[in-house]
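> Contents of target.cif (mmCIF, C-alpha atoms):
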```cif
data_query
loop_
_atom_site.label_atom_id
_atom_site.label_comp_id
_atom_site.auth_asym_id
_atom_site.auth_seq_id
_atom_site.Cartn_x
_atom_site.Cartn_y
_atom_site.Cartn_z
CA MET A 206 -9.58 -15.77 21.47
CA ALA A 207 -12.88 -15.54 19.59
CA ASP A 208 -13.45 -12.65 17.22
CA ARG A 209 -15.30 -9.84 18.92
CA PHE A 210 -17.20 -8.75 15.81
CA ALA A 211 -18.92 -10.39 12.86
CA PRO A 212 -20.00 -9.13 9.43
CA GLY A 213 -22.97 -6.80 9.78
CA ASP A 214 -21.95 -5.48 13.19
CA THR A 215 -21.88 -1.74 13.62
CA VAL A 216 -18.68 -0.48 15.21
CA ARG A 217 -17.19 2.81 16.34
CA THR A 218 -13.48 3.47 15.86
CA SER A 219 -11.18 4.73 18.57
CA THR A 220 -10.60 8.45 18.97
CA THR A 221 -7.22 8.10 20.66
CA ASP A 222 -4.17 9.58 18.97
CA PRO A 223 -1.15 7.49 19.92
CA VAL A 224 2.40 8.80 19.61
CA TRP A 225 3.47 5.54 17.97
CA HIS A 226 2.85 3.90 14.59
CA THR A 227 -0.77 2.94 14.11
CA ARG A 228 -2.89 1.70 11.20
CA LEU A 229 -6.05 3.59 12.12
CA PRO A 230 -5.99 6.59 9.76
CA ARG A 231 -6.88 9.95 11.29
CA TYR A 232 -9.84 10.44 8.91
CA ALA A 233 -11.45 7.23 10.18
CA ARG A 234 -11.19 7.96 13.91
CA GLY A 235 -14.30 8.24 16.07
CA ALA A 236 -16.46 7.13 13.16
CA VAL A 237 -19.27 4.59 12.94
CA GLY A 238 -19.04 1.92 10.25
CA ARG A 239 -20.19 -1.59 9.46
CA VAL A 240 -18.06 -4.73 9.48
CA VAL A 241 -18.14 -6.33 6.02
CA GLU A 242 -15.73 -9.20 6.58
CA VAL A 243 -13.09 -10.69 8.82
CA ALA A 244 -9.82 -10.29 6.93
CA GLY A 245 -7.59 -12.64 8.85
CA HIS A 246 -5.71 -12.45 12.14
CA HIS A 247 -2.44 -10.59 12.57
CA PRO A 248 -0.23 -9.23 15.36
CA LEU A 249 -1.14 -5.62 16.05
CA ALA A 250 1.03 -3.36 13.87
CA ASP A 251 1.26 -0.80 16.69
CA ASP A 252 3.06 -3.44 18.79
CA ARG A 253 5.31 -4.77 16.03
CA ALA A 254 6.47 -1.25 15.17
CA ARG A 255 7.65 -0.85 18.76
CA GLY A 256 9.52 -4.15 18.76
CA LEU A 257 6.83 -5.88 20.84
CA PRO A 258 5.64 -9.37 19.89
CA GLY A 259 2.05 -8.24 19.40
CA THR A 260 -0.98 -10.31 20.26
CA THR A 261 -2.61 -11.78 17.17
CA ARG A 262 -6.03 -10.24 16.76
CA ALA A 263 -8.80 -10.21 14.18
CA VAL A 264 -8.57 -7.65 11.40
CA TYR A 265 -11.82 -6.46 9.81
CA HIS A 266 -12.88 -4.63 6.70
CA VAL A 267 -15.07 -1.83 8.00
CA ARG A 268 -17.18 0.17 5.58
CA PHE A 269 -17.94 3.83 6.25
CA ALA A 270 -20.24 6.26 4.49
CA ALA A 271 -18.12 9.18 3.25
CA ALA A 272 -20.59 11.63 4.77
CA ASP A 273 -19.89 10.10 8.21
CA LEU A 274 -16.14 10.63 7.73
CA PHE A 275 -16.02 13.98 5.95
CA GLY A 276 -19.50 15.43 6.35
CA ASP A 277 -19.90 15.21 2.60
CA GLY A 278 -19.77 12.77 -0.29
CA ASP A 279 -21.98 9.93 -1.53
CA HIS A 280 -19.26 7.25 -1.75
CA ALA A 281 -18.16 4.57 0.69
CA VAL A 282 -14.68 4.02 2.15
CA THR A 283 -13.65 0.59 3.42
CA VAL A 284 -10.74 0.50 5.83
CA GLU A 285 -8.95 -2.54 7.24
CA LEU A 286 -8.84 -2.21 11.00
CA TRP A 287 -7.56 -4.28 13.90
CA GLU A 288 -10.08 -5.31 16.56
CA ASP A 289 -8.17 -3.17 19.07
CA TYR A 290 -9.29 -0.01 17.24
CA LEU A 291 -13.00 -0.88 17.45
CA GLU A 292 -15.82 -0.74 19.99
CA PRO A 293 -19.45 -1.74 19.51
CA ALA A 294 -21.35 1.30 18.25
CA ASP A 295 -24.07 2.74 20.43
CA PRO A 296 -27.28 1.45 18.78
CA SER A 297 -28.79 4.91 19.23
CA GLY A 298 -25.78 6.49 17.56
CA GLY A 299 -27.07 5.75 14.10
CA THR A 300 -25.76 3.48 11.37
CA PRO A 301 -23.95 4.40 8.20
CA MET B 239 0.29 13.11 17.51
CA SER B 240 -0.89 12.19 14.03
CA ARG B 241 2.07 11.87 11.75
CA ILE B 242 2.75 13.48 8.42
CA ASN B 243 2.28 10.20 6.53
CA ASP B 244 -1.38 10.13 7.63
CA VAL B 245 -2.62 12.28 4.76
CA GLY B 246 -5.93 10.55 3.96
CA GLY B 247 -8.66 13.18 3.58
CA MET B 248 -6.24 16.09 3.98
CA VAL B 249 -7.02 19.03 1.69
CA GLY B 250 -4.60 21.23 -0.21
CA PHE B 251 -2.62 18.70 -2.21
CA PRO B 252 -2.54 19.31 -5.95
CA ALA B 253 -3.93 17.33 -8.87
CA VAL B 254 -2.54 13.81 -9.34
CA VAL B 255 0.20 13.74 -11.95
CA GLU B 256 0.82 10.66 -14.07
CA GLU B 257 4.17 9.91 -15.62
CA PRO B 258 3.94 8.33 -19.06
CA ASP B 259 6.07 5.20 -19.62
CA GLU B 260 7.19 5.28 -16.04
CA PRO B 261 10.21 3.07 -15.28
CA ALA B 262 10.31 0.86 -12.15
CA PHE B 263 13.22 2.95 -10.89
CA HIS B 264 14.32 6.44 -11.89
CA ALA B 265 17.95 5.87 -10.90
CA ASP B 266 20.11 2.86 -10.00
CA TRP B 267 20.40 3.96 -6.37
CA GLU B 268 16.64 3.59 -5.93
CA ALA B 269 16.87 -0.09 -6.84
CA HIS B 270 19.77 -0.50 -4.42
CA VAL B 271 17.76 1.10 -1.60
CA LEU B 272 14.91 -1.33 -2.25
CA ALA B 273 17.28 -4.31 -2.21
CA LEU B 274 19.13 -3.18 0.93
CA ASN B 275 15.84 -2.77 2.78
CA ALA B 276 14.70 -6.24 1.76
CA ALA B 277 18.03 -7.72 2.87
CA LEU B 278 17.90 -6.02 6.28
CA ILE B 279 14.30 -7.07 6.94
CA ARG B 280 15.08 -10.62 5.82
CA ARG B 281 17.98 -10.73 8.28
CA GLY B 282 15.78 -9.46 11.10
CA VAL B 283 17.75 -6.23 11.64
CA TYR B 284 14.31 -4.61 11.79
CA ASN B 285 10.79 -5.50 10.73
CA LEU B 286 8.47 -3.92 8.16
CA ASP B 287 6.45 -2.07 10.79
CA GLU B 288 9.57 -0.58 12.33
CA PHE B 289 10.55 0.51 8.83
CA ARG B 290 7.18 2.20 8.25
CA ASP B 291 7.45 3.79 11.69
CA ALA B 292 10.88 5.21 10.84
CA ILE B 293 9.49 6.81 7.66
CA GLU B 294 6.59 8.32 9.61
CA ARG B 295 8.91 9.82 12.21
CA MET B 296 10.60 12.00 9.60
CA PRO B 297 10.18 15.75 10.17
CA PRO B 298 7.10 16.78 8.14
CA ASP B 299 8.96 19.21 5.92
CA THR B 300 11.60 16.59 5.09
CA TYR B 301 8.92 13.94 4.48
CA LEU B 302 7.02 16.14 2.04
CA SER B 303 10.12 17.27 0.15
CA SER B 304 11.69 13.79 -0.14
CA SER B 305 11.11 11.43 -3.03
CA TYR B 306 9.73 7.96 -2.32
CA TYR B 307 13.08 6.19 -2.17
CA GLU B 308 14.74 9.11 -0.39
CA LYS B 309 12.23 8.45 2.41
CA TRP B 310 13.22 4.79 2.36
CA PHE B 311 16.92 5.61 2.60
CA THR B 312 16.31 8.00 5.49
CA ALA B 313 14.39 5.27 7.34
CA ILE B 314 17.12 2.68 6.69
CA THR B 315 19.89 4.90 8.06
CA THR B 316 17.73 5.92 11.05
CA LEU B 317 17.16 2.27 11.94
CA LEU B 318 20.80 1.26 11.40
CA VAL B 319 21.78 3.85 14.02
CA GLU B 320 18.96 2.98 16.43
CA LYS B 321 19.68 -0.74 16.18
CA GLY B 322 23.35 -0.10 16.93
CA ILE B 323 24.56 -1.37 13.56
CA ALA B 324 26.46 1.81 12.70
CA THR B 325 27.05 5.32 13.98
CA PRO B 326 25.92 8.41 12.04
CA GLU B 327 29.59 9.14 11.37
CA GLU B 328 30.13 5.70 9.87
CA LEU B 329 27.04 6.11 7.66
CA ALA B 330 28.22 9.47 6.32
CA THR B 331 30.31 9.65 3.17
CA PRO B 332 33.72 11.38 3.38
CA GLU B 333 32.18 14.33 1.51
CA GLU B 334 29.38 14.63 4.07
CA LEU B 335 31.86 14.49 6.95
CA ALA B 336 34.07 17.10 5.31
CA GLY B 337 31.07 19.33 4.67
CA GLY B 338 30.02 19.12 8.34
CA MET C 94 19.01 5.93 -15.76
CA SER C 95 20.39 8.59 -13.42
CA GLY C 96 21.43 12.18 -13.79
CA ASN C 97 18.11 13.92 -14.39
CA HIS C 98 17.09 14.20 -10.78
CA HIS C 99 18.28 16.92 -8.47
CA GLY C 100 20.95 15.71 -6.03
CA SER C 101 20.91 12.27 -7.65
CA SER C 102 24.68 11.84 -7.63
CA ALA C 103 24.99 12.85 -3.96
CA ILE C 104 22.40 10.34 -2.78
CA SER C 105 23.79 7.75 -5.16
CA GLU C 106 27.15 8.18 -3.38
CA ARG C 107 25.51 7.89 0.05
CA VAL C 108 23.65 4.70 -0.88
CA ARG C 109 26.84 3.17 -2.27
CA HIS C 110 28.66 4.04 0.96
CA VAL C 111 26.01 2.44 3.20
CA GLU C 112 25.85 -0.63 0.97
CA ALA C 113 29.62 -1.10 1.22
CA LEU C 114 29.45 -0.71 5.02
CA LEU C 115 26.69 -3.33 5.31
CA GLU C 116 28.62 -5.74 3.09
CA ALA C 117 31.73 -5.21 5.23
CA ARG C 118 29.70 -6.01 8.37
CA GLY C 119 28.25 -9.15 6.81
CA LEU C 120 24.66 -7.88 6.80
CA VAL C 121 24.44 -7.98 3.03
CA ASP C 122 26.13 -10.71 1.00
CA GLU C 123 28.25 -9.99 -2.02
CA GLY C 124 26.01 -9.99 -5.08
CA GLU C 125 22.85 -10.04 -2.95
CA VAL C 126 21.74 -6.54 -3.92
CA ASP C 127 21.96 -7.25 -7.64
CA ARG C 128 20.20 -10.59 -7.17
CA ARG C 129 17.37 -8.96 -5.22
CA ILE C 130 16.96 -6.23 -7.84
CA ASP C 131 16.80 -8.83 -10.61
CA GLU C 132 14.24 -10.86 -8.65
CA PHE C 133 12.14 -7.76 -8.02
CA LEU C 134 12.13 -6.76 -11.68
CA ALA C 135 11.34 -10.32 -12.77
CA GLY C 136 8.54 -10.68 -10.21
CA GLY C 137 5.01 -9.38 -10.43
CA SER C 138 3.54 -7.68 -13.48
CA PRO C 139 0.24 -6.05 -14.43
CA ALA C 140 -0.04 -8.91 -16.97
CA ASN C 141 -0.87 -11.19 -14.01
CA GLY C 142 -3.81 -8.99 -13.07
CA ALA C 143 -4.89 -8.90 -16.70
CA ARG C 144 -4.89 -12.71 -16.87
CA ILE C 145 -7.02 -12.94 -13.73
CA THR C 146 -9.42 -10.32 -15.08
CA ALA C 147 -9.83 -12.02 -18.45
CA ARG C 148 -10.49 -15.37 -16.76
CA ALA C 149 -13.10 -13.74 -14.52
CA TRP C 150 -14.78 -12.22 -17.60
CA VAL C 151 -15.09 -15.54 -19.43
CA ASP C 152 -15.74 -17.82 -16.45
CA PRO C 153 -18.45 -16.64 -14.00
CA ASP C 154 -17.68 -19.49 -11.58
CA PHE C 155 -14.03 -18.42 -11.45
CA ARG C 156 -15.20 -14.85 -10.86
CA ASP C 157 -17.27 -16.01 -7.89
CA ARG C 158 -14.34 -17.96 -6.43
CA LEU C 159 -12.04 -14.99 -7.03
CA LEU C 160 -14.29 -12.60 -5.14
CA ALA C 161 -14.79 -15.09 -2.31
CA ASP C 162 -11.17 -16.26 -1.82
CA ALA C 163 -8.73 -14.59 -4.18
CA ASN C 164 -5.61 -16.31 -2.82
CA ALA C 165 -7.04 -19.73 -3.66
CA ALA C 166 -8.53 -18.66 -6.99
CA ILE C 167 -5.34 -17.16 -8.42
CA ARG C 168 -3.49 -20.41 -7.65
CA GLU C 169 -5.80 -22.02 -10.22
CA VAL C 170 -4.10 -19.91 -12.88
CA GLY C 171 -0.62 -20.51 -11.48
CA LEU C 172 -0.25 -17.24 -9.58
CA SER C 173 0.29 -16.50 -5.91
CA MET C 174 0.68 -13.73 -3.36
CA ALA C 175 3.69 -15.46 -1.81
CA GLY C 176 6.35 -13.49 -3.68
CA GLY C 177 7.26 -11.32 -0.72
CA LEU C 178 8.37 -12.14 2.81
CA GLN C 179 5.17 -14.07 3.39
CA GLU C 180 1.93 -14.75 1.52
CA GLN C 181 -0.31 -11.72 1.76
CA ARG C 182 -4.08 -11.84 1.76
CA LEU C 183 -5.53 -10.72 -1.56
CA LYS C 184 -8.97 -9.12 -1.82
CA VAL C 185 -10.42 -8.81 -5.30
CA VAL C 186 -13.33 -6.47 -5.92
CA ALA C 187 -15.26 -6.31 -9.19
CA ASN C 188 -16.74 -3.26 -10.87
CA THR C 189 -20.35 -3.42 -12.00
CA GLU C 190 -22.71 -1.02 -13.70
CA ASP C 191 -23.82 0.13 -10.23
CA GLU C 192 -20.54 0.19 -8.33
CA HIS C 193 -16.99 1.28 -9.13
CA ASN C 194 -14.07 0.33 -6.89
CA VAL C 195 -10.81 2.21 -6.44
CA VAL C 196 -7.82 1.32 -4.25
CA VAL C 197 -5.48 3.55 -2.25
CA CYS C 198 -3.11 3.24 0.69
CA THR C 199 -3.51 6.49 2.64
CA LEU C 200 -0.85 5.71 5.27
CA CYS C 201 2.00 4.55 3.05
CA SER C 202 2.00 2.70 -0.27
CA CYS C 203 0.64 -0.83 0.27
CA TYR C 204 0.14 -2.51 -3.11
CA PRO C 205 0.08 -6.12 -4.40
CA ILE C 206 3.70 -5.96 -5.62
CA ALA C 207 4.13 -9.75 -5.56
CA LEU C 208 1.34 -10.02 -8.11
CA LEU C 209 1.37 -6.76 -10.08
CA GLY C 210 4.97 -5.54 -9.74
CA PRO C 211 5.90 -2.04 -8.59
CA SER C 212 3.16 0.53 -8.16
CA PRO C 213 3.07 3.70 -10.24
CA ALA C 214 4.54 6.87 -8.71
CA TRP C 215 1.16 8.62 -8.64
CA TYR C 216 -0.21 5.82 -6.42
CA LYS C 217 2.49 6.67 -3.87
CA SER C 218 1.99 10.44 -4.11
CA GLU C 219 0.52 12.47 -1.24
CA ALA C 220 -1.84 14.05 -3.79
CA TYR C 221 -3.51 10.71 -4.63
CA ARG C 222 -3.40 9.32 -1.09
CA SER C 223 -4.94 12.40 0.49
CA ARG C 224 -7.59 13.19 -2.09
CA VAL C 225 -9.06 9.94 -3.39
CA VAL C 226 -10.69 8.97 -0.07
CA ARG C 227 -12.44 12.34 0.20
CA ASP C 228 -13.22 13.09 -3.45
CA PRO C 229 -12.88 9.95 -5.57
CA ARG C 230 -15.16 11.26 -8.30
CA GLY C 231 -13.00 14.35 -8.71
CA VAL C 232 -9.75 12.38 -8.73
CA LEU C 233 -11.11 9.82 -11.20
CA ALA C 234 -12.19 12.67 -13.48
CA GLU C 235 -8.59 13.90 -13.47
CA PHE C 236 -7.63 10.47 -14.76
CA GLY C 237 -10.20 10.93 -17.53
CA LEU C 238 -12.68 8.55 -15.95
CA GLU C 239 -16.11 10.20 -15.79
CA LEU C 240 -18.57 7.90 -14.07
CA PRO C 241 -22.36 8.27 -14.27
CA THR C 242 -23.80 9.82 -11.11
CA THR C 243 -25.81 6.63 -10.69
CA THR C 244 -22.61 4.62 -10.22
CA ARG C 245 -21.68 4.32 -6.53
CA ILE C 246 -17.99 4.64 -5.75
CA SER C 247 -16.35 2.41 -3.21
CA VAL C 248 -12.84 3.34 -2.03
CA TRP C 249 -10.65 0.67 -0.40
CA ASP C 250 -7.91 1.91 1.91
CA ALA C 251 -5.23 -0.80 1.71
CA SER C 252 -3.57 0.42 4.85
CA ALA C 253 -3.10 -2.86 6.73
CA GLU C 254 -2.58 -6.52 5.80
CA SER C 255 -4.75 -7.18 2.73
CA ARG C 256 -3.77 -6.18 -0.77
CA TYR C 257 -6.43 -5.31 -3.36
CA VAL C 258 -7.04 -5.78 -7.07
CA VAL C 259 -9.98 -4.37 -8.99
CA VAL C 260 -11.61 -6.37 -11.78
CA PRO C 261 -12.75 -3.77 -14.30
CA ARG C 262 -15.99 -4.16 -16.28
CA ARG C 263 -15.75 -6.08 -19.51
CA PRO C 264 -16.18 -3.64 -22.38
CA GLU C 265 -19.04 -3.92 -24.86
CA GLY C 266 -18.39 -5.57 -28.20
CA THR C 267 -15.79 -8.07 -26.96
CA ASP C 268 -17.91 -11.22 -27.23
CA GLY C 269 -15.81 -12.77 -29.95
CA MET C 270 -12.46 -12.17 -28.29
CA SER C 271 -10.25 -14.88 -26.85
CA GLU C 272 -9.20 -14.85 -23.20
CA GLU C 273 -5.72 -13.79 -24.29
CA GLN C 274 -7.08 -10.94 -26.40
CA LEU C 275 -9.25 -9.82 -23.49
CA ALA C 276 -6.25 -9.80 -21.16
CA GLY C 277 -4.53 -7.48 -23.61
CA LEU C 278 -7.21 -4.85 -22.94
CA VAL C 279 -6.52 -4.60 -19.19
CA THR C 280 -4.21 -1.90 -17.86
CA ARG C 281 -2.51 -1.35 -14.50
CA LYS C 282 -4.74 1.64 -13.87
CA GLY C 283 -7.76 -0.54 -14.54
CA LEU C 284 -6.57 -2.96 -11.85
CA ILE C 285 -6.27 -0.09 -9.33
CA GLY C 286 -9.56 1.45 -10.36
CA THR C 287 -8.42 4.74 -11.88
CA ALA C 288 -9.34 3.70 -15.42
CA ALA C 289 -12.00 1.70 -17.18
CA VAL C 290 -11.18 -0.84 -19.87
#
```
Rewrite the coordinates I just gave you, this time as structure tokens.

Amino acid sequence: MADRFAPGDTVRTSTTDPVWHTRLPRYARGAVGRVVEVAGHHPLADDRARGLPGTTRAVYHVRFAAADLFGDGDHAVTVELWEDYLEPADPSGGTP
Amino acid sequence: MSRINDVGGMVGFPAVVEEPDEPAFHADWEAHVLALNAALIRRGVYNLDEFRDAIERMPPDTYLSSSYYEKWFTAITTLLVEKGIATPEELATPEELAGG
Amino acid sequence: MSGNHHGSSAISERVRHVEALLEARGLVDEGEVDRRIDEFLAGGSPANGARITARAWVDPDFRDRLLADANAAIREVGLSMAGGLQEQRLKVVANTEDEHNVVVCTLCSCYPIALLGPSPAWYKSEAYRSRVVRDPRGVLAEFGLELPTTTRISVWDASAESRYVVVPRRPEGTDGMSEEQLAGLVTRKGLIGTAAV
């Protein structure tokens, strides 16, 4: 399956709060960031932690402005996120 | 259902404390816990994500009051029971069984 | 090694008990635990990161290759990320006058162990993991690293598959030093981003 996103794309992270193991940290949920690179393809950790085989999906480095995560700060935070956690950001929703 | 491990951005934790001349392990048992975990993952008893999941499922107060390798040991014993390798009674030392 | 930590003998007894049980059930071979401990202690070391850093300082082309594809570049100097269960992806980021990088794993304790050896206890602490993503400048100041306000800070949350190493800035006045001497300047904290060189 082709990668859904490419470097430069603006993405919004999921807001869902699963009961199981996930690698989308709480502080980075529902936030808009920019894809900086494709960091390989791996089975989704959420699936592997539940003993499921896990479909291999793209993993991206997504860069967020701290102010978009915490409402404050002039630094950037880059988080490695599976494609499953990401949706295209609404172009009117602003960019980091 | 965010878990206690998911502390990024949380406020209230104290200043970071460095330990000068820190050894790789602070006690022999810590090294044994690391080796046992590697052996069990290598044998496919569980995988690394299941191991992380087992750490995250610890009760928050236990998680926060446990040392790093105490968390690991808790996760190992949790998974050994869940995978049907051993019962809690078998995993307990005679002293633990005697103490209830 | 033991004895100073509260409850150390009780947990030591429990670990010994579980280890004996697993050996009896054939899930751990005799001698395997000691062999794995020896392998772990003989594995990665901050000296590997120091070698990579020094090479990047003296060889701009190597630096470019390192930042573009770290797994391939470190093989040039005889290193690899294949020390664990499988080869992990390595991402190397370099500090400049304008940008400082610092690495954390907020969800657990992901760290390039195969390359750099065990991580320091503070890296695994809730204090570091919670605070450095929100207030890196404050946390770095606690480490004694005061960065100019003009230096942007970039935090990398190593919470998935990649592992990260920071290449610190080469200090002033080191032009005459050999690659080996330069490597001797690099610390583990420098490779995580909580210290300068």
> Can you spell out as a VMD selection string the set of residues that the PyMOL selection byres ((chain C) within 12 of (chain A)) selects in the structure I just provided?
chain C and resid 161 to 163 181 to 184 186 191 to 201 203 222 to 231 242 to 257
> Given the selection you just returned, output its residues as a file containing C-alpha atoms, formatted as a CSV table (one decimal), in the coordinates of the input.

```
chain,number,residue,atom,x,y,z
C,161,ALA,CA,-14.8,-15.1,-2.3
C,162,ASP,CA,-11.2,-16.3,-1.8
C,163,ALA,CA,-8.7,-14.6,-4.2
C,181,GLN,CA,-0.3,-11.7,1.8
C,182,ARG,CA,-4.1,-11.8,1.8
C,183,LEU,CA,-5.5,-10.7,-1.6
C,184,LYS,CA,-9.0,-9.1,-1.8
C,186,VAL,CA,-13.3,-6.5,-5.9
C,191,ASP,CA,-23.8,0.1,-10.2
C,192,GLU,CA,-20.5,0.2,-8.3
C,193,HIS,CA,-17.0,1.3,-9.1
C,194,ASN,CA,-14.1,0.3,-6.9
C,195,VAL,CA,-10.8,2.2,-6.4
C,196,VAL,CA,-7.8,1.3,-4.2
C,197,VAL,CA,-5.5,3.6,-2.2
C,198,CYS,CA,-3.1,3.2,0.7
C,199,THR,CA,-3.5,6.5,2.6
C,200,LEU,CA,-0.8,5.7,5.3
C,201,CYS,CA,2.0,4.6,3.0
C,203,CYS,CA,0.6,-0.8,0.3
C,222,ARG,CA,-3.4,9.3,-1.1
C,223,SER,CA,-4.9,12.4,0.5
C,224,ARG,CA,-7.6,13.2,-2.1
C,225,VAL,CA,-9.1,9.9,-3.4
C,226,VAL,CA,-10.7,9.0,-0.1
C,227,ARG,CA,-12.4,12.3,0.2
C,228,ASP,CA,-13.2,13.1,-3.4
C,229,PRO,CA,-12.9,10.0,-5.6
C,230,ARG,CA,-15.2,11.3,-8.3
C,231,GLY,CA,-13.0,14.4,-8.7
C,242,THR,CA,-23.8,9.8,-11.1
C,243,THR,CA,-25.8,6.6,-10.7
C,244,THR,CA,-22.6,4.6,-10.2
C,245,ARG,CA,-21.7,4.3,-6.5
C,246,ILE,CA,-18.0,4.6,-5.8
C,247,SER,CA,-16.4,2.4,-3.2
C,248,VAL,CA,-12.8,3.3,-2.0
C,249,TRP,CA,-10.6,0.7,-0.4
C,250,ASP,CA,-7.9,1.9,1.9
C,251,ALA,CA,-5.2,-0.8,1.7
C,252,SER,CA,-3.6,0.4,4.8
C,253,ALA,CA,-3.1,-2.9,6.7
C,254,GLU,CA,-2.6,-6.5,5.8
C,255,SER,CA,-4.8,-7.2,2.7
C,256,ARG,CA,-3.8,-6.2,-0.8
C,257,TYR,CA,-6.4,-5.3,-3.4
```
> Applied to the shown file, which residues does the PyMOL selection byres ((chain B) within 12 of (chain A)) return, written as a count of residues only?
27
> Using only C-alpha atoms, find each residue of chain C with at least one atom at most 9 Å away from an atom of chain B; report its shortest atom-to-atom pair and that distance in Å (one decimal), sort the rows by chain and rising residue number, and return the result as CSV.

```
residue,atom,partner,partner_atom,distance
C:Met94,CA,B:Ala265,CA,5.0
C:Ser95,CA,B:Ala265,CA,4.4
C:Gly96,CA,B:Ala265,CA,7.8
C:Asn97,CA,B:His264,CA,8.8
C:His98,CA,B:His264,CA,8.3
C:Ser101,CA,B:Ala265,CA,7.8
C:Ile104,CA,B:Trp267,CA,7.6
C:Ser105,CA,B:Trp267,CA,5.2
C:Glu106,CA,B:Thr331,CA,7.4
C:Arg107,CA,B:Thr331,CA,6.0
C:Val108,CA,B:Trp267,CA,6.4
C:Arg109,CA,B:Trp267,CA,7.7
C:His110,CA,B:Thr331,CA,6.3
C:Val111,CA,B:Leu329,CA,5.9
C:Glu112,CA,B:Leu274,CA,7.2
C:Leu114,CA,B:Leu329,CA,7.7
C:Leu115,CA,B:Leu274,CA,8.7
C:Arg118,CA,B:Ile323,CA,8.7
C:Leu120,CA,B:Leu278,CA,7.0
C:Val121,CA,B:Ala277,CA,6.4
C:Asp122,CA,B:Ala277,CA,8.8
C:Glu125,CA,B:Ala277,CA,7.9
C:Val126,CA,B:Ala273,CA,5.3
C:Asp127,CA,B:Ala273,CA,7.7
C:Arg128,CA,B:Ala273,CA,8.5
C:Arg129,CA,B:Ala273,CA,5.5
C:Ile130,CA,B:Ala273,CA,6.0
C:Phe133,CA,B:Ala273,CA,8.5
C:Leu134,CA,B:Ala262,CA,7.8
C:Leu178,CA,B:Arg280,CA,7.5
C:Cys198,CA,B:Gly246,CA,8.5
C:Thr199,CA,B:Gly246,CA,4.9
C:Leu200,CA,B:Asp244,CA,5.0
C:Cys201,CA,B:Asn243,CA,6.6
C:Gly210,CA,B:Ala262,CA,8.7
C:Pro211,CA,B:Ala262,CA,6.4
C:Ser212,CA,B:Ala262,CA,8.2
C:Pro213,CA,B:Glu260,CA,7.3
C:Ala214,CA,B:Glu256,CA,7.5
C:Trp215,CA,B:Glu256,CA,5.8
C:Tyr216,CA,B:Val254,CA,8.8
C:Lys217,CA,B:Tyr306,CA,7.5
C:Ser218,CA,B:Val254,CA,7.7
C:Glu219,CA,B:Val245,CA,6.8
C:Ala220,CA,B:Phe251,CA,5.0
C:Tyr221,CA,B:Val254,CA,5.7
C:Arg222,CA,B:Gly246,CA,5.8
C:Ser223,CA,B:Gly246,CA,4.1
C:Arg224,CA,B:Gly247,CA,5.8
C:Val225,CA,B:Gly247,CA,7.7
C:Val226,CA,B:Gly247,CA,5.9
C:Arg227,CA,B:Gly247,CA,5.1
C:Asp228,CA,B:Gly247,CA,8.4
C:Val232,CA,B:Val254,CA,7.4
C:Glu235,CA,B:Val254,CA,7.3
C:Phe236,CA,B:Val254,CA,8.2
```
> Using C-alpha atoms, can you export the residues from the last selection as a compact mmCIF listing (two decimals), keeping the file's coordinate frame?

```txt
# COMPACT_ATOMS: atom_id res chain seq x y z
CA MET C 94 19.01 5.93 -15.76
CA SER C 95 20.39 8.59 -13.42
CA GLY C 96 21.43 12.18 -13.79
CA ASN C 97 18.11 13.92 -14.39
CA HIS C 98 17.09 14.20 -10.78
CA SER C 101 20.91 12.27 -7.65
CA ILE C 104 22.40 10.34 -2.78
CA SER C 105 23.79 7.75 -5.16
CA GLU C 106 27.15 8.18 -3.38
CA ARG C 107 25.51 7.89 0.05
CA VAL C 108 23.65 4.70 -0.88
CA ARG C 109 26.84 3.17 -2.27
CA HIS C 110 28.66 4.04 0.96
CA VAL C 111 26.01 2.44 3.20
CA GLU C 112 25.85 -0.63 0.97
CA LEU C 114 29.45 -0.71 5.02
CA LEU C 115 26.69 -3.33 5.31
CA ARG C 118 29.70 -6.01 8.37
CA LEU C 120 24.66 -7.88 6.80
CA VAL C 121 24.44 -7.98 3.03
CA ASP C 122 26.13 -10.71 1.00
CA GLU C 125 22.85 -10.04 -2.95
CA VAL C 126 21.74 -6.54 -3.92
CA ASP C 127 21.96 -7.25 -7.64
CA ARG C 128 20.20 -10.59 -7.17
CA ARG C 129 17.37 -8.96 -5.22
CA ILE C 130 16.96 -6.23 -7.84
CA PHE C 133 12.14 -7.76 -8.02
CA LEU C 134 12.13 -6.76 -11.68
CA LEU C 178 8.37 -12.14 2.81
CA CYS C 198 -3.11 3.24 0.69
CA THR C 199 -3.51 6.49 2.64
CA LEU C 200 -0.85 5.71 5.27
CA CYS C 201 2.00 4.55 3.05
CA GLY C 210 4.97 -5.54 -9.74
CA PRO C 211 5.90 -2.04 -8.59
CA SER C 212 3.16 0.53 -8.16
CA PRO C 213 3.07 3.70 -10.24
CA ALA C 214 4.54 6.87 -8.71
CA TRP C 215 1.16 8.62 -8.64
CA TYR C 216 -0.21 5.82 -6.42
CA LYS C 217 2.49 6.67 -3.87
CA SER C 218 1.99 10.44 -4.11
CA GLU C 219 0.52 12.47 -1.24
CA ALA C 220 -1.84 14.05 -3.79
CA TYR C 221 -3.51 10.71 -4.63
CA ARG C 222 -3.40 9.32 -1.09
CA SER C 223 -4.94 12.40 0.49
CA ARG C 224 -7.59 13.19 -2.09
CA VAL C 225 -9.06 9.94 -3.39
CA VAL C 226 -10.69 8.97 -0.07
CA ARG C 227 -12.44 12.34 0.20
CA ASP C 228 -13.22 13.09 -3.45
CA VAL C 232 -9.75 12.38 -8.73
CA GLU C 235 -8.59 13.90 -13.47
CA PHE C 236 -7.63 10.47 -14.76
```
